[in-house]
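Quick notes on the structure that follows.
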Amino acid sequence: MVESVTPKPRVRPFLRLGIFLISHSNYVSIVCFVSGIVALLLLPILAKNTYVSENALMPGSANNMLSTHHVSHANKFINDLTDSHIDSHKIIAQYMSALDAEVTYHKFYPQLNQFHPLHFFTSPDSGIVSKNISCSSLGINIAGIIRAPRGDGKEAIVLVTPYNPKKVGPAEALSLGIAYSVFSLLSRVTWLAKDVIWLVADSQYGEYSAVSAWLREYQAPAFHEAEIVNSETCNDSDAIDELGHNPYFDRKLYSGFRRAGTMAAALVIKVAEQGNHHEDNLNIYAEASNGQMPNLDLINIVNYLAVHKQGLRMKVKKTFSLLGSRWLNTLGGVFESLGKIAKSLNPQWKFGISATEYVEGAATLASSLYFQGLGVPTGPHGAFRDYQVDAITMEISPKVSPTKMIRRNEFILRGGRLIEGVVRSINNLLEKFHQSFFLYLLTSPGKFVSVGVYMIPFALLVAPLPIVAASLHADANKYTPQSTSSSEVDVSHKSWKWLNSARKVLVIHLWGAVVSLLPYFLCQIPNSTPTTNFTVWGLLSASSLLILYFILDSSIFEAATSQPEKSEWASLKSVTISTAFIGLSLMSVINFATAEIGALLIVPICLMARPLKLDTRARSLRTLLRATCNLALGFIAFPPVAYVLMKGAFEDFYGTSVGDYWNWVESLWTWNSATYLYVGIVHLPCWALCIHILFHSC
Amino acid sequence: MALASTATFALSLLLFLPILSSAILEKEEEEFSEELLLKPLPDRKVLAHFHFQTEASMSEDSFARHHHLFPKSISQLVKKFHIKAMELSFTQGRWNYERWGGFDPISSQNAKPPGVELWAVFDVPQHQVDASWKNLTHSLSGLFCASINFLESSSSYSAPKWAFQSALGRLRYGTLPREAVCTENLTPWLKLLPCRDKAGLSALMDRPSIYRSFYHSQRLHLTASRTVADGLDSGIILEQALTVVLEPNIQRAGMSYPSETKIQPSWSLSSIFGRKINGRCVLAKSSNVYLQVERGLVTKLEELQENTAAYASNDIGTDDLRWNLGFDLTVTPDRVHRELEKNSVLYEYSINGYKDTEQFDLGLTWKHPVVWSSSHAPLYASRFLMGSGNERGSIAISLKSTDLTKGFVAASDLEERCKLQVNVLQIVPWYIKVYYHTLQLLVDEKPQVVTDFVERMSVSPSEDKVSLGMMELILMLPCDIKSAVLNIEFDKGFLHIDEYPPDANQGFDIPSAIISFPDFDAGLQFSNNSISNSPMLSKLQENRPVLSYTEVLLVPLTTPDFSMPYNVITITCTIFALYFGSLLNVLRRRVGEEERLLKNKDANKVAFLRRILNKLPARLRGRSSESTQPEQQSSSSFINPILILKVLLVAGIAVVWQYYSK
């Protein structure tokens, strides 16, 4: 349009490029979207091998010192723990103090998971404990601290073993045994530079809450709340106090909460209940809240030591449904043959990977994306990330199940040596973890996609949005001059129309915010099942949307009705698309994986949305196809449907009911996941607006 | 060797008979004594405390004078910088106040924070103090092979008022918590001794066993006494102390079950140091070894004695040795000192009579398992950081009552309002921006008004990059207190890029806070007056307040990514290029000129590319543009197919060549 103006033929090249892109927004958006999908599918190929970036770590450079001697002690400890009739925490504390460790009990009340709609992104609060909890529900964490002999005590390494004191299972006892063997070694070594804390977390109310309660006490204690815990009502807890102390010292020692320095890293050690019948595996869980990951170096050293030193097979979560999918296999085959051709052209091009490797990588990548996008920590290590401590959960799954394990000593020795090596590596660390990546997706334990690479698909997916918005805006303005004669009126109308749509979009977004606050009130209703909650929620939101719709249609948009309808839906669409773009970009900063998955769902419907009436009126094959596409996409992007599809793709379809969505939403808000905010404030309103455009009365 | 040195000394006496008198006079002026205190600790470790003291008198004209025993470098230091008192300590490891005690002279005077700690009092006018301090740090840095010179900058030292002896603003105090301590610091320290580590007690200092220890702290304390009356006669006392906590059991293989009772390991000098004492340093006036049995242990041993009273009814040995039931000593002590009220016992051994052939090797063998605990300071102090993230946090100092406080309360129950005075000195670097108004005091877990408990308070806020922040508090807490928490909030500051130390990502240290209890006297009281001739014992008997240091804290600050200068350079260059490019473009452009050029450009073939660009959208749209000129069409159709053909041809050739060449 600028080109047609004859007196000013020269426009800056940059502007001209922009105008060019806008004028061809259809092609651009198709090209960008397709290339975005292709780039996403290419990610497993683009993955790089991991490497230990920090020189100081030096994993595996020292010989293991953990001997069978330590293991036999650990074995005795396990037997005592499983056979005894007295309290298990008493035994643990006695064993700890026999190693000259400083032992403390940390008593806590299980924190009730509550929905704090305004507490997103705030620092971890000091915890709201309801006061009417009885003494029997008191959880007791035991922490043993080994002071580094010559260290200055500024830093600490944390080992965590969750266990249930009510019922110590064989697997839990085994994980405690592994930790004990390492702890007993560390209490005697001379090379320790950082203090070592062994936290035996009481997992009867969940592993996460126990660890987070301990961390809260460690990092942000509320001094005046201690009286609740130590109140007179809990007399039995005082008896516990006495037992933990080393019998070789005076009983009147300092018995408060003990601390070591700043935490350098934390390892959560678990042993899987079931044997996997193949070989000893090591599963790694690293995702913390809102898709935060520990430093890649931590995973690297675990991977290096497990694979090269202890001969364990390392595993990261993958979506098994993708492993068998045919399209992915064919895609892998295509990429493999492409890689072969490229290699035959130039032997130095080595981007081809085998089809099975590709499928494995894609499955791991998908689960990595999914669990990061969910924003819910995958284990107790998530509590550490809230305090900027790098932590992972290492779940060792033995070949046979721990109940009927014959070669237990060997298993403890392997597990213990692995932990010892990792602790020794972290102990070598002079600075905190900073050298390697924090933003990455794993495609296998030894391969990763860094932020610079995985940004590309997202950028390509999102790039058409502003272009299409601009072109729609320009189109909408182009139609107006024909209807009005005076230029001043035209200008005022233009701006007015844009504002009108913006107001509409804003109102719908406010509705989205209200809808996302509704569960807070709904969960106050006593005795409600997830299904009823979900239906009530759905009905409430639908009715509020309808009411809003009628109010808005009748009063505020009076002026809008006089405008040409065609431009009205176009400008509405352009504003919708720009808000979607802004929302996605903001979300990509907070939780990239959510933004990526969200973009996959919302971008197509945003780009394609067009009143069905217009399409049906045209009655050509192309328009009918577009209309059906629109309907299908609109259906898919509806949040509950999207949830069911995602769940089906990443977990399994079986047993999905209506209430599941409610449960999922509930879990999102109790974990303070930003994904919930995204769904409520960005995705849902954008979807509603797109549907509105689809059924627009032109 | 000792024989040889005495022989040469005798020879020199004979040769220089005329100047004998003056030599004797100076010999009397300078004195050196060496002592070693050994003490079994409750957690199966042994404390060894070496104490060397050199005294010299100094007259005004003695600047260039030669000393016989006293190290010249130190005397020059004192002379030049007018030092009244100074203490320098190098420490590695932490003193465990809980297990090793916090209420005896050793822990109050010799337990030091990790790294280097230096304080000095100057005898110069107020305005010269800072200059003297700066010079002193540099001299000491050279003398002890340590980076003490970093204490030179004004943002790393402070002038506390009440924590140390009152010096009317002439005291300066600084610490370097991160300084690594090793042999290169010990060797110059040993060089100050007249016998170095060649003879006498210092020969015990086997480097591997010292640096294998759980805690070692070498200390250098200077006191210049000056009788003001005549101004001529003045003396310097140089105390050098090395405190080591060792574990006797070298192999350390023994792991223990909780059911087993652990017997204290028996030890001897040769087993903990790997050496024996070959005799005294001949230059020393006195050369003694002491073995201290602390109060808790004596009480336990007496209990043990009473339990086996029937067996002990036929009196064995002297009264002083009757609690010797618990352990055996390989050497019988020359003298035994008992403390007046608190029952601690000191065995004294003089090593004057030992030689190369007859070495001194004190051994201690436990006969019964004994469990005891050291005496603790009235309140157990610990300090920790709260909060997370790179923005803000808070420092909390927690004081918890110990057994001593309980006894204290019981004793002074009758008094109306018993108060426990606690002095707190907290020094923070400037990049920890402490908000002093947020000072919060919780007594027995209840928030209290700070002014109710603070007797005096002195705060000097930090100034960015100039001075560090310091807070001194004198708290008066009730005696029956169970716990008290001081909490103060801070913001984390940003440093300039060149202010980051190497390994910046480790975090930044907040030096230890000093907690002292002036009402409590850490000194020991011995009945026997004659032992005051031993410098170390007189030091132990000194009235000193109980003092303890808290932990060093590590604060993570925001650090820039130092490893990416390349990226930074690239980005900066790109931005500059874009900026200057567009600026130049705007400046040199003349719009009227361009329009004129455009009008007659048709013949100009240079612009064809731009025109193609103009036409490309139109072509893609699939409709012919009416506004374009016919010759443009011809030119574009002339260029396009040929260009594409050429490119395709070249690519094809390249592919074929590549395919067949390999």
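Quick note on naming: the chains in the structure tokens go A, B, ... in the order shown, residues restart at 1 in each chain, and ligands are numbered from 1 in order of appearance.
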Contacts of B:Leu329 at 12 Å or less, counting only C-alpha atoms, minus same-chain residues fewer than 5 places along, as a list of chain:residue names?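 After dropping sequence-adjacent residues, the list is B:Ser266, B:Trp267, B:Ser268, B:Leu269, B:Leu291, B:Leu321, B:Asn324, B:Tyr347, B:Tyr349, B:Asp361, B:Leu362, B:Gly363, B:Leu364, B:Thr365, B:Trp366, B:Lys367.
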Take the residues from that selection and write them out as a short mmCIF file (atom, residue, chain, number, x, y, z; two decimals), in the first residue's frame, keeping N, CA and C atoms.
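Once everything was written out, this is result.cif:
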data_model
loop_
_atom_site.label_atom_id
_atom_site.label_comp_id
_atom_site.auth_asym_id
_atom_site.auth_seq_id
_atom_site.Cartn_x
_atom_site.Cartn_y
_atom_site.Cartn_z
N SER B 266 44.47 -44.42 73.89
CA SER B 266 45.70 -44.07 74.59
C SER B 266 46.66 -43.45 73.60
N TRP B 267 47.46 -42.55 74.09
CA TRP B 267 48.36 -41.86 73.16
C TRP B 267 49.68 -41.55 73.83
N SER B 268 50.62 -41.22 73.02
CA SER B 268 51.89 -40.71 73.55
C SER B 268 52.37 -39.66 72.56
N LEU B 269 53.35 -38.89 72.99
CA LEU B 269 53.85 -37.83 72.11
C LEU B 269 54.32 -38.39 70.78
N LEU B 291 50.46 -31.35 81.37
CA LEU B 291 49.30 -32.15 80.98
C LEU B 291 48.13 -31.66 81.81
N LEU B 321 47.61 -37.69 93.49
CA LEU B 321 47.56 -38.69 92.44
C LEU B 321 46.42 -39.69 92.63
N ASN B 324 44.22 -40.92 89.87
CA ASN B 324 44.94 -41.52 88.76
C ASN B 324 44.45 -42.92 88.40
N TYR B 347 49.64 -31.37 85.46
CA TYR B 347 50.88 -32.08 85.75
C TYR B 347 52.01 -31.36 85.05
N TYR B 349 56.01 -31.26 83.79
CA TYR B 349 57.22 -32.02 83.51
C TYR B 349 58.28 -31.04 83.06
N ASP B 361 59.14 -38.85 76.22
CA ASP B 361 57.97 -39.28 75.47
C ASP B 361 56.85 -39.55 76.45
N LEU B 362 56.01 -38.57 76.63
CA LEU B 362 54.91 -38.70 77.57
C LEU B 362 53.81 -39.54 76.94
N GLY B 363 53.36 -40.54 77.66
CA GLY B 363 52.27 -41.36 77.14
C GLY B 363 51.15 -41.44 78.15
N LEU B 364 49.94 -41.57 77.64
CA LEU B 364 48.79 -41.65 78.52
C LEU B 364 47.99 -42.88 78.13
N THR B 365 47.73 -43.75 79.08
CA THR B 365 46.97 -44.97 78.80
C THR B 365 45.72 -44.96 79.66
N TRP B 366 44.58 -45.10 79.00
CA TRP B 366 43.32 -45.11 79.75
C TRP B 366 43.06 -46.50 80.27
N LYS B 367 42.58 -46.54 81.50
CA LYS B 367 42.30 -47.84 82.09
C LYS B 367 40.81 -48.14 82.10
#
Which polymer residues have any atom within 12 Å of an atom of A:Ser72, counting only C-alpha atoms, with same-chain residues fewer than 6 positions away left out, as JSON, numbers by chain? {"A": [66, 78, 79, 177, 178, 180, 181, 184, 408, 409, 410, 411, 412, 413], "B": [255, 257]}
Output N, CA and C atoms for every residue in the selection just made, as a PDB file, in the first residue's frame.
ATOM      1  N   LEU A  66      35.079 -46.701  49.537  1.00  0.00           N
ATOM      2  CA  LEU A  66      34.025 -47.484  50.193  1.00  0.00           C
ATOM      3  C   LEU A  66      34.361 -48.966  50.072  1.00  0.00           C
ATOM      4  N   ILE A  78      20.767 -52.110  58.363  1.00  0.00           N
ATOM      5  CA  ILE A  78      19.497 -52.436  57.708  1.00  0.00           C
ATOM      6  C   ILE A  78      18.759 -53.512  58.500  1.00  0.00           C
ATOM      7  N   ASN A  79      19.501 -54.508  58.949  1.00  0.00           N
ATOM      8  CA  ASN A  79      18.857 -55.577  59.714  1.00  0.00           C
ATOM      9  C   ASN A  79      18.253 -55.042  61.003  1.00  0.00           C
ATOM     10  N   GLY A 177      20.393 -47.853  53.934  1.00  0.00           N
ATOM     11  CA  GLY A 177      21.657 -48.577  54.080  1.00  0.00           C
ATOM     12  C   GLY A 177      22.735 -48.002  53.183  1.00  0.00           C
ATOM     13  N   ILE A 178      22.353 -47.678  51.943  1.00  0.00           N
ATOM     14  CA  ILE A 178      23.335 -47.087  51.016  1.00  0.00           C
ATOM     15  C   ILE A 178      23.830 -45.761  51.572  1.00  0.00           C
ATOM     16  N   TYR A 180      23.799 -44.833  54.633  1.00  0.00           N
ATOM     17  CA  TYR A 180      24.581 -45.048  55.848  1.00  0.00           C
ATOM     18  C   TYR A 180      26.013 -45.460  55.523  1.00  0.00           C
ATOM     19  N   SER A 181      26.145 -46.334  54.527  1.00  0.00           N
ATOM     20  CA  SER A 181      27.499 -46.784  54.198  1.00  0.00           C
ATOM     21  C   SER A 181      28.356 -45.602  53.748  1.00  0.00           C
ATOM     22  N   SER A 184      29.081 -43.363  56.788  1.00  0.00           N
ATOM     23  CA  SER A 184      30.093 -43.896  57.699  1.00  0.00           C
ATOM     24  C   SER A 184      31.489 -43.736  57.106  1.00  0.00           C
ATOM     25  N   ARG A 408      22.801 -58.537  48.288  1.00  0.00           N
ATOM     26  CA  ARG A 408      22.508 -57.191  48.760  1.00  0.00           C
ATOM     27  C   ARG A 408      23.782 -56.377  48.960  1.00  0.00           C
ATOM     28  N   ASN A 409      24.812 -57.081  49.468  1.00  0.00           N
ATOM     29  CA  ASN A 409      26.058 -56.366  49.737  1.00  0.00           C
ATOM     30  C   ASN A 409      26.622 -55.730  48.483  1.00  0.00           C
ATOM     31  N   GLU A 410      26.567 -56.499  47.406  1.00  0.00           N
ATOM     32  CA  GLU A 410      27.132 -55.977  46.171  1.00  0.00           C
ATOM     33  C   GLU A 410      26.341 -54.765  45.691  1.00  0.00           C
ATOM     34  N   PHE A 411      25.036 -54.848  45.875  1.00  0.00           N
ATOM     35  CA  PHE A 411      24.174 -53.736  45.458  1.00  0.00           C
ATOM     36  C   PHE A 411      24.482 -52.478  46.275  1.00  0.00           C
ATOM     37  N   ILE A 412      24.632 -52.658  47.585  1.00  0.00           N
ATOM     38  CA  ILE A 412      24.951 -51.513  48.436  1.00  0.00           C
ATOM     39  C   ILE A 412      26.304 -50.939  48.047  1.00  0.00           C
ATOM     40  N   LEU A 413      27.230 -51.840  47.754  1.00  0.00           N
ATOM     41  CA  LEU A 413      28.575 -51.386  47.400  1.00  0.00           C
ATOM     42  C   LEU A 413      28.532 -50.533  46.134  1.00  0.00           C
TER      43      LEU A 413
ATOM     44  N   MET B 255      35.443 -48.521  63.104  1.00  0.00           N
ATOM     45  CA  MET B 255      34.077 -48.025  63.043  1.00  0.00           C
ATOM     46  C   MET B 255      33.352 -48.628  64.203  1.00  0.00           C
ATOM     47  N   TYR B 257      29.814 -49.574  66.442  1.00  0.00           N
ATOM     48  CA  TYR B 257      28.372 -49.757  66.525  1.00  0.00           C
ATOM     49  C   TYR B 257      27.868 -48.928  67.686  1.00  0.00           C
TER      50      TYR B 257
END
Show which residues sit within 9 Å of stretch 428-442 of chain B, as a PyMOL selection string. Count only C-alpha atoms, and ignore same-chain residues fewer than 3 positions away. (chain A and resi 223-224) or (chain B and resi 155-156+392+394+445-450+453+459+461-471+483-495+509-511+555+557)
Within 6 Å of chain A, which residues of chain B are there when counting only C-alpha atoms? Please give them as a VMD selection string. chain B and resid 93 214 258 371 373 386 to 388 445 to 446 505 to 506 553 to 554 659
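Excluding A:Thr393 and any residue on its chain fewer than 5 positions from it, the residues at most 10 Å away by only C-alpha atoms are Val160, Thr161, Ala266, Leu267, Val268, Ile269, Lys270, Leu282, Asn283, Ile284, Tyr285, Ala286, Glu287, Thr378, Gly379, Pro380, His381 and Gly382 of chain A.
Residues surrounding A:Ile301 within 7 Å are Val52, Pro59 and Val422 of chain A [only C-alpha atoms; sequence separation below 6 positions excluded].
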Find the spatial neighbours of stretch 196-207 of chain B, counting only C-alpha atoms, within a cut-off of 6 Å - ignore same-chain residues fewer than 2 positions away - and output them as a PyMOL selection string. chain B and resi 190-191+193-194+209-210+275+279-281
Suppose we keep C-alpha atoms; can you now write the selection as a PDB file, in the first residue's frame?
ATOM      1  CA  LEU B 190      59.247 -20.744  63.375  1.00  0.00           C
ATOM      2  CA  LYS B 191      62.140 -18.634  62.191  1.00  0.00           C
ATOM      3  CA  LEU B 193      62.189 -18.750  67.534  1.00  0.00           C
ATOM      4  CA  PRO B 194      65.788 -18.842  68.689  1.00  0.00           C
ATOM      5  CA  SER B 209      50.929 -34.455  61.624  1.00  0.00           C
ATOM      6  CA  ILE B 210      50.225 -30.780  62.260  1.00  0.00           C
ATOM      7  CA  ARG B 275      58.598 -37.590  67.195  1.00  0.00           C
ATOM      8  CA  GLY B 279      65.887 -32.181  75.034  1.00  0.00           C
ATOM      9  CA  ARG B 280      65.356 -28.546  75.604  1.00  0.00           C
ATOM     10  CA  CYS B 281      66.354 -25.609  73.529  1.00  0.00           C
TER      11      CYS B 281
END
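The two atoms in question, atom CA of B:Ser350 and atom CA of B:Phe70, are spaced 23.1 Å apart.
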Separation of atom CA of B:Ile514 from atom CA of B:Leu540, in Å and rounded to one decimal: 20.5 Å
In stretch 412-593 of chain B, what's alpha helix (DSSP H) per DSSP? Answer as an MDAnalysis selection string? chainID B and resid 450:453 535:541 565:588 591:593
Saved selection, atoms kept: N, CA and C atoms, as an mmCIF file, in the first residue's frame:
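Done, and the output landed in out_1.cif:
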data_model
loop_
_atom_site.group_PDB
_atom_site.id
_atom_site.type_symbol
_atom_site.label_atom_id
_atom_site.label_comp_id
_atom_site.auth_asym_id
_atom_site.auth_seq_id
_atom_site.Cartn_x
_atom_site.Cartn_y
_atom_site.Cartn_z
ATOM 1 N N VAL B 450 14.007 -4.078 71.134
ATOM 2 C CA VAL B 450 15.459 -4.187 71.205
ATOM 3 C C VAL B 450 16.016 -3.309 72.320
ATOM 4 N N THR B 451 15.451 -2.130 72.479
ATOM 5 C CA THR B 451 16.022 -1.183 73.442
ATOM 6 C C THR B 451 15.866 -1.676 74.878
ATOM 7 N N ASP B 452 14.959 -2.617 75.117
ATOM 8 C CA ASP B 452 14.811 -3.128 76.479
ATOM 9 C C ASP B 452 16.021 -3.935 76.909
ATOM 10 N N PHE B 453 16.703 -4.494 75.961
ATOM 11 C CA PHE B 453 17.792 -5.396 76.314
ATOM 12 C C PHE B 453 19.160 -4.867 75.940
ATOM 13 N N PRO B 535 55.632 -18.427 82.006
ATOM 14 C CA PRO B 535 54.832 -17.453 81.254
ATOM 15 C C PRO B 535 53.485 -18.017 80.819
ATOM 16 N N MET B 536 53.462 -19.278 80.440
ATOM 17 C CA MET B 536 52.199 -19.805 79.935
ATOM 18 C C MET B 536 51.183 -19.926 81.063
ATOM 19 N N LEU B 537 51.658 -20.360 82.231
ATOM 20 C CA LEU B 537 50.712 -20.512 83.336
ATOM 21 C C LEU B 537 50.190 -19.162 83.792
ATOM 22 N N SER B 538 51.055 -18.173 83.765
ATOM 23 C CA SER B 538 50.564 -16.858 84.141
ATOM 24 C C SER B 538 49.564 -16.349 83.114
ATOM 25 N N LYS B 539 49.788 -16.759 81.866
ATOM 26 C CA LYS B 539 48.830 -16.413 80.813
ATOM 27 C C LYS B 539 47.492 -17.112 81.073
ATOM 28 N N LEU B 540 47.578 -18.361 81.487
ATOM 29 C CA LEU B 540 46.344 -19.111 81.746
ATOM 30 C C LEU B 540 45.588 -18.534 82.922
ATOM 31 N N GLN B 541 46.328 -17.910 83.817
ATOM 32 C CA GLN B 541 45.680 -17.394 85.012
ATOM 33 C C GLN B 541 45.149 -15.983 84.832
ATOM 34 N N PRO B 565 33.465 -13.352 27.469
ATOM 35 C CA PRO B 565 33.893 -12.056 26.932
ATOM 36 C C PRO B 565 33.718 -11.996 25.422
ATOM 37 N N TYR B 566 33.883 -13.131 24.780
ATOM 38 C CA TYR B 566 33.753 -13.152 23.326
ATOM 39 C C TYR B 566 32.360 -12.704 22.907
ATOM 40 N N ASN B 567 31.345 -13.302 23.564
ATOM 41 C CA ASN B 567 29.972 -12.940 23.225
ATOM 42 C C ASN B 567 29.715 -11.469 23.487
ATOM 43 N N VAL B 568 30.242 -11.011 24.619
ATOM 44 C CA VAL B 568 30.026 -9.615 24.976
ATOM 45 C C VAL B 568 30.648 -8.708 23.922
ATOM 46 N N ILE B 569 31.861 -9.050 23.513
ATOM 47 C CA ILE B 569 32.534 -8.234 22.511
ATOM 48 C C ILE B 569 31.744 -8.255 21.217
ATOM 49 N N THR B 570 31.282 -9.436 20.833
ATOM 50 C CA THR B 570 30.537 -9.555 19.575
ATOM 51 C C THR B 570 29.270 -8.710 19.615
ATOM 52 N N ILE B 571 28.539 -8.846 20.688
ATOM 53 C CA ILE B 571 27.268 -8.122 20.776
ATOM 54 C C ILE B 571 27.519 -6.623 20.805
ATOM 55 N N THR B 572 28.504 -6.229 21.596
ATOM 56 C CA THR B 572 28.789 -4.801 21.684
ATOM 57 C C THR B 572 29.175 -4.255 20.311
ATOM 58 N N CYS B 573 30.024 -4.999 19.618
ATOM 59 C CA CYS B 573 30.466 -4.533 18.306
ATOM 60 C C CYS B 573 29.283 -4.432 17.347
ATOM 61 N N THR B 574 28.393 -5.420 17.406
ATOM 62 C CA THR B 574 27.236 -5.398 16.509
ATOM 63 C C THR B 574 26.374 -4.182 16.791
ATOM 64 N N ILE B 575 26.141 -3.954 18.061
ATOM 65 C CA ILE B 575 25.273 -2.823 18.410
ATOM 66 C C ILE B 575 25.923 -1.512 17.972
ATOM 67 N N PHE B 576 27.207 -1.409 18.215
ATOM 68 C CA PHE B 576 27.905 -0.177 17.819
ATOM 69 C C PHE B 576 27.851 0.009 16.302
ATOM 70 N N ALA B 577 28.068 -1.105 15.597
ATOM 71 C CA ALA B 577 28.064 -1.004 14.144
ATOM 72 C C ALA B 577 26.686 -0.566 13.648
ATOM 73 N N LEU B 578 25.642 -1.161 14.213
ATOM 74 C CA LEU B 578 24.284 -0.791 13.801
ATOM 75 C C LEU B 578 24.008 0.673 14.117
ATOM 76 N N TYR B 579 24.411 1.061 15.298
ATOM 77 C CA TYR B 579 24.125 2.418 15.740
ATOM 78 C C TYR B 579 24.849 3.436 14.862
ATOM 79 N N PHE B 580 26.155 3.226 14.713
ATOM 80 C CA PHE B 580 26.920 4.208 13.946
ATOM 81 C C PHE B 580 26.547 4.167 12.467
ATOM 82 N N GLY B 581 26.249 2.978 11.968
ATOM 83 C CA GLY B 581 25.840 2.845 10.577
ATOM 84 C C GLY B 581 24.600 3.655 10.290
ATOM 85 N N SER B 582 23.583 3.464 11.130
ATOM 86 C CA SER B 582 22.334 4.180 10.860
ATOM 87 C C SER B 582 22.499 5.669 11.109
ATOM 88 N N LEU B 583 23.312 6.005 12.114
ATOM 89 C CA LEU B 583 23.523 7.432 12.409
ATOM 90 C C LEU B 583 24.193 8.119 11.224
ATOM 91 N N LEU B 584 25.225 7.467 10.712
ATOM 92 C CA LEU B 584 25.935 8.030 9.555
ATOM 93 C C LEU B 584 24.997 8.143 8.352
ATOM 94 N N ASN B 585 24.203 7.108 8.198
ATOM 95 C CA ASN B 585 23.258 7.080 7.096
ATOM 96 C C ASN B 585 22.323 8.283 7.169
ATOM 97 N N VAL B 586 21.805 8.532 8.353
ATOM 98 C CA VAL B 586 20.876 9.651 8.535
ATOM 99 C C VAL B 586 21.585 10.975 8.306
ATOM 100 N N LEU B 587 22.812 11.065 8.793
ATOM 101 C CA LEU B 587 23.526 12.341 8.724
ATOM 102 C C LEU B 587 23.897 12.718 7.283
ATOM 103 N N ARG B 588 24.321 11.739 6.516
ATOM 104 C CA ARG B 588 24.818 12.094 5.202
ATOM 105 C C ARG B 588 23.738 12.044 4.119
ATOM 106 N N VAL B 591 17.648 14.256 1.103
ATOM 107 C CA VAL B 591 16.429 13.706 0.529
ATOM 108 C C VAL B 591 16.153 14.288 -0.856
ATOM 109 N N GLY B 592 16.329 15.617 -0.978
ATOM 110 C CA GLY B 592 16.052 16.267 -2.262
ATOM 111 C C GLY B 592 16.950 15.736 -3.363
ATOM 112 N N GLU B 593 18.196 15.545 -3.001
ATOM 113 C CA GLU B 593 19.178 15.022 -3.944
ATOM 114 C C GLU B 593 18.772 13.639 -4.447
#
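Assigned to strand (DSSP E) in stretch 276-375 of chain A, given DSSP computed from backbone atoms, are Asn281, Leu282, Asn283, Ile284, Tyr285, Arg313, Met314, Lys315 and Val316 of chain A.
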Residue contacts of A:Leu322 (9 Å, only C-alpha atoms) excluding same-chain residues fewer than 2 positions away, as a PyMOL selection string: chain A and resi 318-320+324-326+328+359-360+362-363+366+649-650
So, counting only C-alpha atoms, which residue among B:Ser661, B:Asn352, B:Ser548, B:Ser147 is closest to B:Asn96?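 Result for the nearest residue to B:Asn96: B:Ser548.
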